[in-house]
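Colleague: The following block contains the structure, expressed as structure tokens.
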Amino acid sequence: EFSRVGFIGLGAMGKHMAQQLATKLPETTKIFVFDVISAPVEELVAEFPGKVIACTSPKEVTEKSDLITSMVPEGRHVTSVYLDETTGIVATDLQNRIFMDCSTIDIATSLRVKAELAQRYPEASFYDAPVSGGVLGAAKGTIAFFLGCAENDPQLAVLKEFLSLMGSKIIPCGKPSLGLASKLCNNYLSGLIGIASSEALNMGIRAGLDPRVLSNVFAAGTAQNNICDRFNPCPGIVPDAPSSHDYQGGFKVQLMKKDFTLAVNMAKSVGATLALGQCGLETYEAASNDPECFDRDSRVIFRHLGGDEK
Ligand code: NAD
């Protein structure tokens with residue numbers, strides 16, 4: 001059924017997601033890909049010869065595909081992919097095309113892109129479909145998609161069938177932009193849990209506690225949480241957590257800073273009071289600028305607070 005699909009943005013997440021599509025879709029499917037950097041495009045074409053086909057612009061991807069996924073860093077990149085009058089998606093006929101933007105960006109940009117497409121091509125559909133689950137989840141095809149649409153969206157069945165090739169959970173969040181709102185609420189909360197867990201572990205260790213004992217206490221007590229259980233910020237507690245490998249892999253601290261900034265701005269725009277928003281933002285900003293933390297998993301906050309000082 002999905003014989004002509006497009007993928008734009010083959011970075012840390014996008015390349016794995018496109019690989020999932022290329023692995024799972026039948027031999028007759030063609031996957032048209034574009035990235036501003038040629039290396040990941042060439043690698044993917046070499047890995048799936050005849051099935052993955054390189055394009056020179058988002059416009060060309062759109063001309064050749066029916067269902068198009070985009071996965072680029074920020075709002076300005078999404079704007080360029082979709083709205084550039086020469087190379088962008090709008091530069092061609094979009095009749096009946098379905099677009100899913102999986103990038104984590106601000107709500108205003110996503111709604112503007114959607115409105116612009118709808119105005120010019122009422123038959124095209126655009127969905128915000130940000131993801132959670134990280135690079136490892138993308139590689140395994142287990143990420144979650146938060147979809148900006150209603151439960152009864154007429155295209156939901158098709159979207160679910162398609163997105164389940166790349167992920168294991170697909171949650172319709174209500175209406176356009178609420179996929180992004182969900183993602184920003186999720187990352188705000190998990191970002192705060194990362195800071196709070198790091199603080200509590202650091203405090204306990206300095207008071208003489210073994211971090212293993214303290215982590216068992218949290219797991220048995222009211223502080224039980226997914227970050228301590230799976231991504232414990234203290235090295236050596238969870239063997240395959242990034243913290244146990246010098247915070248390599250995982251979700252980079254500067255990406256958390258980006259998402260946290262988007263969440264704090266969203267709170268302002270909807271009039272939600274955040275007691276912890278500004279401190280959280282400053283903490284992730286400081287850790288992103290700390291050379292011992294930059295480019296490492298966001299739970300490196302534990303190190304930033306001096307948790308691994310001997
Ligand atoms: P990345 O920087 O590794 O990859 C982005 C890719 O987009 C790059 O290959 C870049 O060359 C390409 N790109 C930039 N501008 C482009 C354009 N105009 N046209 C085509 N390609 C362009 O980023 P990533 O980690 O893959 O993240 C992508 C998005 O997914 C971000 O919004 C991020 O917040 C979100 N996200 C990331 C993770 C994660 O763990 N890395 C998890 C969930 C969500």
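So you can find residues: chains in the structure tokens are A, B, ... in the order shown, residues in each start at 1, and ligands are numbered from 1 in order.
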For ligand 1, collect every residue having any atom at a distance of at most 6 Å from a ligand atom (counting only C-alpha atoms and all ligand atoms); output as a PyMOL selection string.
Modeller: chain A and resi 8-14+34-37+71-74+77+80-81+103-105+131-132+134-135+251+255
Colleague: Using N, CA and C atoms, can you write the selected residues to a file as a compact mmCIF listing (two decimals), in the first residue's frame?
Modeller:
```txt
# COMPACT_ATOMS: atom_id res chain seq x y z
N ILE A 8 12.62 13.19 4.99
CA ILE A 8 13.48 14.38 4.93
C ILE A 8 14.14 14.60 6.29
N GLY A 9 15.47 14.57 6.33
CA GLY A 9 16.22 14.76 7.58
C GLY A 9 16.71 13.44 8.14
N LEU A 10 17.95 13.07 7.75
CA LEU A 10 18.47 11.74 8.14
C LEU A 10 19.55 11.87 9.20
N GLY A 11 19.20 12.50 10.33
CA GLY A 11 20.15 12.68 11.42
C GLY A 11 20.11 11.49 12.38
N ALA A 12 20.45 11.78 13.65
CA ALA A 12 20.54 10.73 14.66
C ALA A 12 19.25 9.90 14.75
N MET A 13 18.11 10.57 14.66
CA MET A 13 16.82 9.88 14.72
C MET A 13 16.34 9.45 13.33
N GLY A 14 16.35 10.41 12.40
CA GLY A 14 15.75 10.20 11.09
C GLY A 14 16.37 9.05 10.31
N PHE A 34 15.96 12.95 1.48
CA PHE A 34 16.77 14.17 1.33
C PHE A 34 17.30 14.60 2.67
N ASP A 35 18.56 15.06 2.66
CA ASP A 35 19.15 15.74 3.82
C ASP A 35 20.10 16.79 3.25
N VAL A 36 20.29 17.89 3.98
CA VAL A 36 21.23 18.91 3.49
C VAL A 36 22.67 18.40 3.52
N ILE A 37 22.91 17.36 4.33
CA ILE A 37 24.24 16.72 4.36
C ILE A 37 24.15 15.47 3.49
N MET A 71 12.08 15.08 9.77
CA MET A 71 12.70 14.94 11.09
C MET A 71 13.96 15.79 11.13
N VAL A 72 13.76 17.11 11.35
CA VAL A 72 14.87 18.06 11.34
C VAL A 72 14.95 18.74 12.72
N PRO A 73 16.05 19.47 13.00
CA PRO A 73 16.25 19.92 14.39
C PRO A 73 15.23 20.92 14.93
N GLU A 74 15.05 22.08 14.25
CA GLU A 74 14.32 23.19 14.88
C GLU A 74 13.28 23.79 13.94
N HIS A 77 14.32 25.07 10.55
CA HIS A 77 14.59 24.04 9.54
C HIS A 77 13.27 23.51 8.95
N SER A 80 12.03 26.01 6.49
CA SER A 80 12.74 25.96 5.21
C SER A 80 12.33 24.72 4.39
N VAL A 81 12.21 23.56 5.05
CA VAL A 81 11.82 22.33 4.34
C VAL A 81 10.45 22.51 3.69
N SER A 103 9.67 16.47 14.01
CA SER A 103 10.63 17.32 14.72
C SER A 103 9.99 17.89 15.99
N THR A 104 10.81 18.11 17.03
CA THR A 104 10.31 18.78 18.23
C THR A 104 10.55 20.27 18.06
N ILE A 105 9.47 21.01 17.78
CA ILE A 105 9.61 22.46 17.49
C ILE A 105 8.51 23.22 18.23
N VAL A 131 8.22 12.61 18.55
CA VAL A 131 8.46 11.26 19.07
C VAL A 131 9.19 11.30 20.41
N SER A 132 9.12 10.18 21.12
CA SER A 132 9.88 10.01 22.35
C SER A 132 10.46 8.60 22.34
N GLY A 134 14.15 8.19 22.08
CA GLY A 134 15.58 8.32 21.85
C GLY A 134 16.11 7.59 20.64
N VAL A 135 17.42 7.74 20.45
CA VAL A 135 18.11 7.17 19.29
C VAL A 135 18.05 5.63 19.34
N PHE A 251 20.05 11.01 25.63
CA PHE A 251 19.44 12.24 25.13
C PHE A 251 20.33 13.42 25.53
N LEU A 255 19.96 19.09 23.78
CA LEU A 255 18.60 18.86 23.24
C LEU A 255 17.57 19.07 24.34
```
Colleague: Determine, counting only C-alpha atoms, which protein, DNA and RNA residues have an atom within 7 Å of an atom of Arg97 in chain A; residues of the same chain fewer than 5 positions away are not included. Present the result as a list in words.
Modeller: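 Skipping anything fewer than 5 positions along the chain leaves Asp66, Leu67, Ala124 and Ser125 of chain A.
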Colleague: Produce a table with one row for each residue of range 209-278 of chain A that has an atom at most 12 Å from any atom of range 163-185 of chain A, each row naming the nearest atom pair and its distance in Å at one decimal; use only C-alpha atoms; arrange rows by chain and rising residue number; format as a Markdown table.
Modeller:
```
| residue | atom | partner | partner_atom | distance |
| --- | --- | --- | --- | --- |
| A:Leu255 | CA | A:Leu184 | CA | 12.0 |
| A:Met256 | CA | A:Leu184 | CA | 10.2 |
| A:Lys257 | CA | A:Leu184 | CA | 11.5 |
| A:Lys258 | CA | A:Leu184 | CA | 10.2 |
| A:Asp259 | CA | A:Leu184 | CA | 6.5 |
| A:Phe260 | CA | A:Leu184 | CA | 7.4 |
| A:Thr261 | CA | A:Leu184 | CA | 9.3 |
| A:Leu262 | CA | A:Leu184 | CA | 7.0 |
| A:Ala263 | CA | A:Leu184 | CA | 5.2 |
| A:Val264 | CA | A:Leu184 | CA | 8.9 |
| A:Asn265 | CA | A:Leu184 | CA | 10.0 |
| A:Met266 | CA | A:Ala181 | CA | 7.9 |
| A:Ala267 | CA | A:Cys185 | CA | 9.3 |
| A:Ser269 | CA | A:Ala181 | CA | 11.6 |
| A:Val270 | CA | A:Ala181 | CA | 10.7 |
| A:Ala272 | CA | A:Cys185 | CA | 11.5 |
| A:Leu274 | CA | A:Cys185 | CA | 11.5 |
| A:Gly277 | CA | A:Cys185 | CA | 11.4 |
```
Colleague: Between A:Met17, A:Val90, A:Val113, A:Met100, which residue has the minimum interatomic distance to Leu156 in chain A, considering only C-alpha atoms?
Modeller: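 Residue with the minimum atom-to-atom distance to Leu156 in chain A: A:Met100.
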Colleague: For a test of reading the model, state the distance in Å between CA of Gly236 in chain A and CA of Arg303 in chain A, rounded to one decimal.
Modeller: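 A separation of 13.1 Å between them.
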Colleague: Check range 13-58 of chain A with DSSP on the backbone and list each residue it calls strand (DSSP E or B), as a list in words.
Modeller: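 After running DSSP on the backbone, range 13-58 of chain A has strand (DSSP E or B) at Lys30, Ile31, Phe32, Val33, Phe34, Val52, Ile53 and Ala54 of chain A.
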Colleague: When distances are computed from only C-alpha atoms, which of A:Leu21, A:Val158, A:Ala39, A:Ala223 shows the smallest separation from Val52 in chain A?
Modeller: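 Between A:Leu21, A:Val158, A:Ala39, A:Ala223, the residue approaching Val52 in chain A most closely is A:Leu21.
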